[in-house]
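Data block for input_14.txt (compact mmCIF, C-alpha atoms):
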# COMPACT_ATOMS: atom_id res chain seq x y z
CA MET U 27 154.10 75.97 98.96
CA ALA U 28 150.45 76.95 99.25
CA GLY U 29 150.22 77.15 95.45
CA ALA U 30 151.66 73.66 95.10
CA LEU U 31 149.17 72.27 97.61
CA HIS U 32 146.36 74.01 95.75
CA ASP U 33 147.53 72.51 92.45
CA ASN U 34 147.76 69.06 94.03
CA GLY U 35 144.24 69.44 95.41
CA GLU U 36 142.87 70.44 92.03
CA GLY U 37 144.65 67.53 90.40
CA ALA U 38 143.17 65.10 92.93
CA ASN U 39 139.68 66.50 92.32
CA LYS U 40 140.09 66.12 88.57
CA ARG U 41 141.24 62.54 88.99
CA ARG U 42 138.25 61.78 91.23
CA ARG U 43 135.89 63.34 88.68
CA ALA U 44 137.52 61.34 85.91
CA ARG U 45 137.12 58.12 87.89
CA TRP U 46 133.45 58.92 88.58
CA LEU U 47 132.82 59.70 84.92
CA ALA U 48 134.55 56.49 83.86
CA ALA U 49 132.48 54.50 86.37
CA LEU U 50 129.26 56.12 85.17
CA ALA U 51 130.17 55.46 81.54
CA THR U 52 130.90 51.82 82.37
CA LEU U 53 127.62 51.50 84.25
CA ALA U 54 125.67 53.13 81.41
CA GLY U 55 127.33 50.85 78.88
CA THR U 56 126.54 47.79 80.97
CA VAL U 57 122.89 48.81 81.31
CA VAL U 58 122.58 49.47 77.57
CA LEU U 59 124.20 46.12 76.75
CA ALA U 60 121.94 44.29 79.23
CA LEU U 61 118.85 45.93 77.76
CA ALA U 62 119.95 45.10 74.21
CA LEU U 63 120.60 41.46 75.10
CA GLY U 64 117.34 41.35 77.02
CA PHE U 65 115.47 42.64 73.99
CA LEU U 66 116.98 39.95 71.76
CA TRP U 67 116.00 37.33 74.35
CA PHE U 68 112.49 38.82 74.54
CA VAL U 69 111.99 38.60 70.77
CA GLN U 70 113.25 35.01 70.71
CA GLN U 71 110.78 34.06 73.46
CA LEU U 72 107.72 35.34 71.60
CA PRO U 73 105.37 32.49 70.65
CA ASP U 74 105.30 31.54 66.98
CA ARG U 75 102.36 29.12 67.17
CA VAL U 76 99.48 28.04 69.38
CA ALA U 77 100.95 25.27 71.52
CA GLU U 78 97.67 23.80 72.84
CA THR U 79 94.84 23.96 70.33
CA GLN U 80 92.50 21.27 71.64
CA ARG U 81 92.43 21.81 75.38
CA HIS U 82 89.10 22.84 76.90
CA THR U 83 89.09 25.58 79.54
CA ASP U 84 86.36 27.10 81.68
CA ALA U 85 86.67 30.45 79.90
CA ILE U 86 88.21 32.19 76.94
CA VAL U 87 89.54 35.67 77.72
CA VAL U 88 90.22 38.16 74.93
CA LEU U 89 92.18 41.36 75.50
CA THR U 90 91.06 44.15 73.20
CA GLY U 91 93.52 46.44 71.49
CA GLY U 92 94.61 44.57 68.37
CA SER U 93 93.29 43.09 65.17
CA GLY U 94 92.02 39.52 65.07
CA ARG U 95 91.71 38.99 68.81
CA VAL U 96 87.95 39.22 69.27
CA GLY U 97 87.24 37.26 66.10
CA GLN U 98 89.59 34.49 67.25
CA GLY U 99 87.95 34.38 70.66
CA LEU U 100 84.47 34.09 69.18
CA GLN U 101 85.64 31.37 66.82
CA LEU U 102 87.09 29.40 69.73
CA LEU U 103 83.83 29.79 71.64
CA ALA U 104 81.85 28.56 68.63
CA GLN U 105 84.16 25.55 68.47
CA GLY U 106 83.32 24.68 72.08
CA LYS U 107 86.79 25.33 73.47
CA ALA U 108 85.28 26.92 76.60
CA ASP U 109 81.95 27.50 78.32
CA LYS U 110 82.10 31.28 78.22
CA LEU U 111 83.97 34.15 76.57
CA PHE U 112 85.06 37.25 78.48
CA VAL U 113 86.24 40.29 76.51
CA SER U 114 88.25 42.66 78.69
CA GLY U 115 88.79 46.34 77.95
CA VAL U 116 85.71 46.99 75.82
CA TYR U 117 84.79 50.57 74.96
CA GLN U 118 81.85 52.00 76.87
CA GLY U 119 78.65 51.77 74.83
CA VAL U 120 79.58 48.57 72.97
CA ASP U 121 77.26 45.68 73.85
CA VAL U 122 77.36 41.97 73.02
CA ALA U 123 75.03 42.31 70.02
CA GLU U 124 77.22 45.05 68.52
CA LEU U 125 80.36 43.03 69.14
CA LEU U 126 78.91 39.98 67.42
CA ARG U 127 77.63 42.06 64.50
CA VAL U 128 81.01 43.68 63.90
CA SER U 129 82.71 40.28 64.15
CA GLN U 130 80.14 38.76 61.74
CA GLN U 131 79.06 36.10 64.21
CA ASP U 132 75.59 34.66 64.77
CA PRO U 133 74.08 36.35 67.87
CA GLU U 134 71.57 33.54 68.42
CA HIS U 135 74.16 30.93 69.29
CA LEU U 136 76.82 32.99 71.04
CA ALA U 137 75.17 35.95 72.79
CA CYS U 138 74.30 33.90 75.87
CA CYS U 139 77.92 32.94 76.45
CA VAL U 140 79.71 36.28 76.01
CA ALA U 141 80.49 38.72 78.83
CA LEU U 142 82.12 42.12 78.45
CA GLY U 143 84.39 44.07 80.78
CA TYR U 144 84.50 47.86 80.48
CA GLU U 145 86.88 48.90 83.26
CA ALA U 146 90.31 47.94 81.95
CA GLY U 147 92.48 50.44 80.11
CA THR U 148 95.86 48.72 80.55
CA THR U 149 97.19 45.17 80.58
CA GLU U 150 97.38 45.30 84.37
CA GLY U 151 93.77 46.49 84.34
CA ASN U 152 92.84 43.56 82.09
CA ALA U 153 94.33 41.18 84.64
CA ILE U 154 92.50 42.81 87.55
CA GLU U 155 89.18 42.89 85.70
CA THR U 156 89.53 39.30 84.51
CA ALA U 157 90.56 38.00 87.95
CA GLU U 158 87.44 39.51 89.52
CA TRP U 159 85.22 38.00 86.82
CA MET U 160 86.87 34.56 87.01
CA ARG U 161 86.41 34.38 90.76
CA ALA U 162 82.82 35.55 90.52
CA GLN U 163 82.17 32.74 88.02
CA GLY U 164 84.02 30.16 90.09
CA TYR U 165 86.23 29.29 87.12
CA GLU U 166 89.64 27.66 87.43
CA SER U 167 91.11 27.82 83.92
CA LEU U 168 91.17 30.20 80.97
CA ARG U 169 92.49 30.43 77.44
CA LEU U 170 94.14 33.82 76.98
CA VAL U 171 93.80 35.39 73.53
CA THR U 172 96.03 38.33 72.64
CA ALA U 173 98.72 39.22 70.11
CA ALA U 174 101.90 37.13 70.23
CA TYR U 175 104.07 40.17 70.97
CA HIS U 176 101.74 41.10 73.85
CA MET U 177 101.60 37.59 75.34
CA PRO U 178 104.68 37.70 77.66
CA ARG U 179 103.49 40.81 79.49
CA SER U 180 99.91 39.56 79.58
CA LEU U 181 100.95 36.24 81.12
CA LEU U 182 103.12 38.07 83.65
CA GLU U 183 100.24 40.31 84.77
CA PHE U 184 97.63 37.53 84.72
CA ARG U 185 99.73 35.06 86.69
CA ARG U 186 100.53 37.77 89.19
CA ARG U 187 96.83 38.47 89.76
CA MET U 188 95.62 34.88 89.41
CA PRO U 189 98.31 32.49 90.66
CA GLU U 190 95.67 29.84 91.29
CA ILE U 191 94.19 29.93 87.77
CA GLU U 192 95.45 27.69 84.95
CA ILE U 193 96.21 29.88 81.92
CA VAL U 194 96.52 28.49 78.39
CA PRO U 195 98.16 31.01 76.02
CA HIS U 196 96.50 31.42 72.63
CA PRO U 197 98.49 33.99 70.61
CA VAL U 198 97.22 35.64 67.45
CA PHE U 199 99.56 36.94 64.79
CA PRO U 200 98.64 40.33 63.30
CA GLU U 201 99.71 40.63 59.68
CA HIS U 202 101.29 44.06 60.21
CA VAL U 203 103.73 42.73 62.84
CA LYS U 204 106.71 41.07 61.14
CA GLN U 205 107.83 38.98 64.06
CA ASP U 206 110.38 36.77 62.27
CA ASP U 207 112.37 39.50 60.49
CA TRP U 208 111.40 42.50 62.60
CA TRP U 209 114.73 44.29 62.02
CA ARG U 210 113.76 44.85 58.36
CA TRP U 211 110.55 46.64 59.29
CA PRO U 212 110.83 49.92 61.26
CA GLY U 213 107.19 49.74 62.37
CA SER U 214 107.61 46.24 63.80
CA THR U 215 110.93 47.18 65.40
CA HIS U 216 109.37 50.21 67.09
CA LEU U 217 106.41 48.13 68.30
CA LEU U 218 108.57 45.34 69.73
CA VAL U 219 111.02 47.72 71.43
CA GLY U 220 108.10 49.56 73.03
CA GLU U 221 106.52 46.31 74.18
CA TYR U 222 109.84 45.13 75.59
CA GLY U 223 110.11 48.35 77.61
CA LYS U 224 106.63 47.78 79.04
CA TYR U 225 107.53 44.18 79.83
CA VAL U 226 110.66 45.27 81.72
CA VAL U 227 108.63 47.74 83.79
CA ALA U 228 106.00 45.08 84.55
CA ARG U 229 108.71 42.58 85.50
CA LEU U 230 110.41 45.03 87.85
CA ARG U 231 107.06 45.88 89.46
CA ALA U 232 106.31 42.19 89.93
CA LEU U 233 109.73 41.58 91.51
CA ALA U 234 109.26 44.54 93.83
CA THR U 235 105.72 43.76 94.97
CA GLY U 236 105.22 40.03 94.39
CA PRO U 237 101.85 38.38 93.67
CA ALA U 238 98.87 40.71 93.93
CA MET U 239 95.23 39.82 94.50
CA ALA U 240 92.57 41.11 92.10
CA GLY U 241 91.37 43.96 94.26
CA ALA U 242 94.84 45.38 94.91
CA THR U 243 96.16 48.35 93.00
CA GLY U 244 99.89 47.76 93.33
Please, can you express the file's structure as structure tokens?
Amino acid sequence: MAGALHDNGEGANKRRRARWLAALATLAGTVVLALALGFLWFVQQLPDRVAETQRHTDAIVVLTGGSGRVGQGLQLLAQGKADKLFVSGVYQGVDVAELLRVSQQDPEHLACCVALGYEAGTTEGNAIETAEWMRAQGYESLRLVTAAYHMPRSLLEFRRRMPEIEIVPHPVFPEHVKQDDWWRWPGSTHLLVGEYGKYVVARLRALATGPAMAGATG
């Protein structure tokens, strides 16, 4: 009798374990499917052109970290698309003259209208640094220049830190990122998957904490 009860108890435990394992497998599969579908949505949402080319803003903001961004920002400034250019995330030791020289721009006409930020090391840091500069300048609008694949996360962080500022996206399109047929290019696939992961983390943080002022660290 005792042996039968013991066997029944073991059987019940095994069934419970099996149910838990099945539930965990279902949950894991659901999460993987959701992430995969989210990634496909993310790629489809990436900008494929500059939507507003003529609009004037108080400032142009360039986020360092990719090819073509600074040059595009300086070109926009030279075209009179804004009153001032702010480059966020510049390496220590780089000054305006050096930046203009490397970008093959004329220092005489642009040096007065370029400001550099040295504190940011992340996209969230870019948003914090830019928000502080925008408020110090009394500006109300900016044109944001960064890579197309980086734009969703940048807009998320910037709007979180500057809900009162009008932001005009101005994506650039690095030649090495094959945005249209990314699945054929392992390097582009790896880059986009990594950026999607960072976007998901930033989105979850934003949902958990809500809008954050420039001086906050959350």
Segment 72-85 of chain U environment, 9 Å, all atoms listed in the file, sequence neighbours closer than 2 positions dropped, as number ranges by chain | U: 67-70, 87, 103, 106-112, 160, 165-170, 174-178, 192-199, 205-206
Could those residues be written to a file, using C-alpha atoms, as a PDB file, in the frame of the given file?
ATOM      1  CA  TRP U  67     116.000  37.330  74.350  1.00  0.00           C
ATOM      2  CA  PHE U  68     112.490  38.820  74.540  1.00  0.00           C
ATOM      3  CA  VAL U  69     111.990  38.600  70.770  1.00  0.00           C
ATOM      4  CA  GLN U  70     113.250  35.010  70.710  1.00  0.00           C
ATOM      5  CA  VAL U  87      89.540  35.670  77.720  1.00  0.00           C
ATOM      6  CA  LEU U 103      83.830  29.790  71.640  1.00  0.00           C
ATOM      7  CA  GLY U 106      83.320  24.680  72.080  1.00  0.00           C
ATOM      8  CA  LYS U 107      86.790  25.330  73.470  1.00  0.00           C
ATOM      9  CA  ALA U 108      85.280  26.920  76.600  1.00  0.00           C
ATOM     10  CA  ASP U 109      81.950  27.500  78.320  1.00  0.00           C
ATOM     11  CA  LYS U 110      82.100  31.280  78.220  1.00  0.00           C
ATOM     12  CA  LEU U 111      83.970  34.150  76.570  1.00  0.00           C
ATOM     13  CA  PHE U 112      85.060  37.250  78.480  1.00  0.00           C
ATOM     14  CA  MET U 160      86.870  34.560  87.010  1.00  0.00           C
ATOM     15  CA  TYR U 165      86.230  29.290  87.120  1.00  0.00           C
ATOM     16  CA  GLU U 166      89.640  27.660  87.430  1.00  0.00           C
ATOM     17  CA  SER U 167      91.110  27.820  83.920  1.00  0.00           C
ATOM     18  CA  LEU U 168      91.170  30.200  80.970  1.00  0.00           C
ATOM     19  CA  ARG U 169      92.490  30.430  77.440  1.00  0.00           C
ATOM     20  CA  LEU U 170      94.140  33.820  76.980  1.00  0.00           C
ATOM     21  CA  ALA U 174     101.900  37.130  70.230  1.00  0.00           C
ATOM     22  CA  TYR U 175     104.070  40.170  70.970  1.00  0.00           C
ATOM     23  CA  HIS U 176     101.740  41.100  73.850  1.00  0.00           C
ATOM     24  CA  MET U 177     101.600  37.590  75.340  1.00  0.00           C
ATOM     25  CA  PRO U 178     104.680  37.700  77.660  1.00  0.00           C
ATOM     26  CA  GLU U 192      95.450  27.690  84.950  1.00  0.00           C
ATOM     27  CA  ILE U 193      96.210  29.880  81.920  1.00  0.00           C
ATOM     28  CA  VAL U 194      96.520  28.490  78.390  1.00  0.00           C
ATOM     29  CA  PRO U 195      98.160  31.010  76.020  1.00  0.00           C
ATOM     30  CA  HIS U 196      96.500  31.420  72.630  1.00  0.00           C
ATOM     31  CA  PRO U 197      98.490  33.990  70.610  1.00  0.00           C
ATOM     32  CA  VAL U 198      97.220  35.640  67.450  1.00  0.00           C
ATOM     33  CA  PHE U 199      99.560  36.940  64.790  1.00  0.00           C
ATOM     34  CA  GLN U 205     107.830  38.980  64.060  1.00  0.00           C
ATOM     35  CA  ASP U 206     110.380  36.770  62.270  1.00  0.00           C
TER      36      ASP U 206
END
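For the pair atom CA of Ala48 of chain U and atom CA of Ala62 of chain U, the interatomic distance is 20.9 Å.
For the pair atom CA of Arg210 of chain U and atom CA of Ser180 of chain U, the interatomic distance is 25.9 Å.
Using all atoms listed in the file, the nearest neighbour of Gly143 of chain U within the list U:Ala173, U:Ala49, U:Val116, U:Val96 is U:Val116.
Atom CA of Glu183 of chain U is positioned 13.6 Å from atom CA of Gly147 of chain U.
You can rank U:Thr52, U:Leu218, U:Val120, U:Thr90 by their closest distance to Ala146 of chain U using all atoms listed in the file, and at the top of that list sits U:Thr90.
Counting only C-alpha atoms and comparing U:Gly55, U:Pro200, U:Gly64, U:Gly151, the residue that lies closest to Gly94 of chain U is U:Pro200.
Using all atoms listed in the file, the shortest contact distance between Arg229 of chain U and any of U:Ala104, U:Lys204, U:Arg186, U:Leu125 is found at U:Arg186.
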Can you patch up segment 164-189 of chain U, filling it in to N, CA and C atoms, and show the result as an mmCIF file, in the coordinates of the input?
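Contents of the output file rebuild_6.cif:
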data_model
loop_
_atom_site.group_PDB
_atom_site.id
_atom_site.type_symbol
_atom_site.label_atom_id
_atom_site.label_comp_id
_atom_site.auth_asym_id
_atom_site.auth_seq_id
_atom_site.Cartn_x
_atom_site.Cartn_y
_atom_site.Cartn_z
ATOM 1 N N GLY U 164 83.542 31.414 89.513
ATOM 2 C CA GLY U 164 84.020 30.160 90.090
ATOM 3 C C GLY U 164 84.849 29.339 89.127
ATOM 4 N N TYR U 165 85.452 29.988 88.134
ATOM 5 C CA TYR U 165 86.230 29.290 87.120
ATOM 6 C C TYR U 165 87.669 29.068 87.588
ATOM 7 N N GLU U 166 88.289 28.028 87.022
ATOM 8 C CA GLU U 166 89.640 27.660 87.430
ATOM 9 C C GLU U 166 90.642 27.641 86.285
ATOM 10 N N SER U 167 90.185 27.844 85.068
ATOM 11 C CA SER U 167 91.110 27.820 83.920
ATOM 12 C C SER U 167 90.600 28.771 82.845
ATOM 13 N N LEU U 168 91.542 29.303 82.067
ATOM 14 C CA LEU U 168 91.170 30.200 80.970
ATOM 15 C C LEU U 168 92.158 30.061 79.827
ATOM 16 N N ARG U 169 91.656 30.334 78.640
ATOM 17 C CA ARG U 169 92.490 30.430 77.440
ATOM 18 C C ARG U 169 92.645 31.907 77.127
ATOM 19 N N LEU U 170 93.868 32.392 77.133
ATOM 20 C CA LEU U 170 94.140 33.820 76.980
ATOM 21 C C LEU U 170 94.463 34.139 75.528
ATOM 22 N N VAL U 171 93.638 35.009 74.930
ATOM 23 C CA VAL U 171 93.800 35.390 73.530
ATOM 24 C C VAL U 171 94.286 36.828 73.439
ATOM 25 N N THR U 172 95.491 37.004 72.914
ATOM 26 C CA THR U 172 96.030 38.330 72.640
ATOM 27 C C THR U 172 97.125 38.166 71.595
ATOM 28 N N ALA U 173 97.674 39.286 71.124
ATOM 29 C CA ALA U 173 98.720 39.220 70.110
ATOM 30 C C ALA U 173 99.967 38.533 70.662
ATOM 31 N N ALA U 174 100.700 37.852 69.799
ATOM 32 C CA ALA U 174 101.900 37.130 70.230
ATOM 33 C C ALA U 174 102.896 38.050 70.918
ATOM 34 N N TYR U 175 103.091 39.257 70.374
ATOM 35 C CA TYR U 175 104.070 40.170 70.970
ATOM 36 C C TYR U 175 103.618 40.680 72.339
ATOM 37 N N HIS U 176 102.318 40.623 72.593
ATOM 38 C CA HIS U 176 101.740 41.100 73.850
ATOM 39 C C HIS U 176 101.634 39.980 74.893
ATOM 40 N N MET U 177 101.835 38.735 74.473
ATOM 41 C CA MET U 177 101.600 37.590 75.340
ATOM 42 C C MET U 177 102.524 37.541 76.570
ATOM 43 N N PRO U 178 103.843 37.786 76.457
ATOM 44 C CA PRO U 178 104.680 37.700 77.660
ATOM 45 C C PRO U 178 104.236 38.620 78.782
ATOM 46 N N ARG U 179 103.927 39.863 78.452
ATOM 47 C CA ARG U 179 103.490 40.810 79.490
ATOM 48 C C ARG U 179 102.122 40.430 80.027
ATOM 49 N N SER U 180 101.248 39.961 79.140
ATOM 50 C CA SER U 180 99.910 39.560 79.580
ATOM 51 C C SER U 180 99.993 38.388 80.555
ATOM 52 N N LEU U 181 100.798 37.394 80.226
ATOM 53 C CA LEU U 181 100.950 36.240 81.120
ATOM 54 C C LEU U 181 101.552 36.667 82.463
ATOM 55 N N LEU U 182 102.514 37.571 82.417
ATOM 56 C CA LEU U 182 103.120 38.070 83.650
ATOM 57 C C LEU U 182 102.065 38.714 84.550
ATOM 58 N N GLU U 183 101.258 39.604 83.987
ATOM 59 C CA GLU U 183 100.240 40.310 84.770
ATOM 60 C C GLU U 183 99.139 39.357 85.231
ATOM 61 N N PHE U 184 98.712 38.450 84.368
ATOM 62 C CA PHE U 184 97.630 37.530 84.720
ATOM 63 C C PHE U 184 98.065 36.547 85.795
ATOM 64 N N ARG U 185 99.258 36.013 85.677
ATOM 65 C CA ARG U 185 99.730 35.060 86.690
ATOM 66 C C ARG U 185 99.979 35.745 88.016
ATOM 67 N N ARG U 186 100.332 37.006 87.959
ATOM 68 C CA ARG U 186 100.530 37.770 89.190
ATOM 69 C C ARG U 186 99.210 37.974 89.922
ATOM 70 N N ARG U 187 98.153 38.231 89.173
ATOM 71 C CA ARG U 187 96.830 38.470 89.760
ATOM 72 C C ARG U 187 96.049 37.196 90.027
ATOM 73 N N MET U 188 96.385 36.136 89.292
ATOM 74 C CA MET U 188 95.620 34.880 89.410
ATOM 75 C C MET U 188 96.567 33.689 89.521
ATOM 76 N N PRO U 189 97.357 33.604 90.554
ATOM 77 C CA PRO U 189 98.310 32.490 90.660
ATOM 78 C C PRO U 189 97.634 31.130 90.744
#
